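Visitor: Shown below is the structure under consideration.
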Amino acid sequence: MERSLETQVSQAVDAWLRWLPRWEPATHRGRIAPCRRCFGSPVLSAAGLGADVPHGVQHGLSTRIKTIVDHLVAEYTAVNLPMLQTELDQQAARNRARSYRPSEGLDPEFEGLPLDPEPVPGAPFLFTISGLAEEADAGVPALPPLSDDAKAALRQEVGLADDYANMVGREVCAILLHHRLRIQQAIAQYVEPQIEAMLEELTRSLDVPFDPNDSPPL
Ligand SMILES: [Zn+2]
């Protein structure tokens, strides 16, 4: 018997709450492009994790919720959308044929993020993880092309899968509203003090005039 959606969302929030005490502000340079999964996410706004919350904190929750929605859409597709299911099976088989799959099996906090850091202008990487993955992908033969009729039918099934995903997403958002309070309490306990400490540290370092005997700042 499938666990109810309420239970699944509640357990995803539980798992995120267990992880949150280990969160630390990122010390490296932030990403330039906004995360496609988190930016403007209705799931995050239902959870009360607005743009003022650090992205790492948001991403751990949005990924856990996405996993629930993806799983339900996969079940719906398997039962109701045979063409889309066949296409997905073929793509999955093709993916398994790749020799290098760096984006699989990651923790929710890392899943869906770019595989490589932002390049620094003028200092190109010798190789990138995404570049290696692309090479592995090019080594696997492409799927056979679809006829126009098959494409149209497939598009229709993709539309139905989208509709279903949107419906589940709306239900998930309604459920998340009931978890806002404990999410907010955890942010106040584990995230806000670290951000305040960081800002305080920053203010202090700006207040101190440079000592001419110090070595020059890097
Ligand atoms: Zn994200």
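A note on labels: chains of the structure tokens are A, B, ... as shown, every chain counts residues from 1, and ligands are counted from 1 in their shown order.
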Ligand 1: which residues are within 6 Å, counting only C-alpha atoms and all ligand atoms? Reply as a PyMOL selection string.
Guide: chain A and resi 35+37-38+59
Visitor: Please identify all polymer residues within 8 Å of segment 7-19 of chain A, counting only C-alpha atoms, omitting same-chain residues fewer than 6 positions from it, and present them as a count of residues only.
Guide: 11
Visitor: Rank nothing, just name the residue among A:Cys173, A:Val140, A:Ala123, A:Leu199 nearest to Gly48 of chain A, using only C-alpha atoms.
Guide: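 Of A:Cys173, A:Val140, A:Ala123, A:Leu199, the one nearest Gly48 of chain A is A:Cys173, counting only C-alpha atoms.
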Visitor: Pull the helix (DSSP H, G or I) assignments for segment 12-184 of chain A out of DSSP run on the backbone, and list those residues as a VMD selection string.
Guide: chain A and resid 12 to 22 42 to 47 55 to 80 82 to 96 129 to 138 148 to 184
Visitor: Identify, on the basis of only C-alpha atoms, every residue whose closest approach to Val168 of chain A does not exceed 9 Å; exclude the query and any residue fewer than 2 positions from it along the same chain; express the result as a PyMOL selection string.
Guide: chain A and resi 5+69+72-73+163-166+170-173
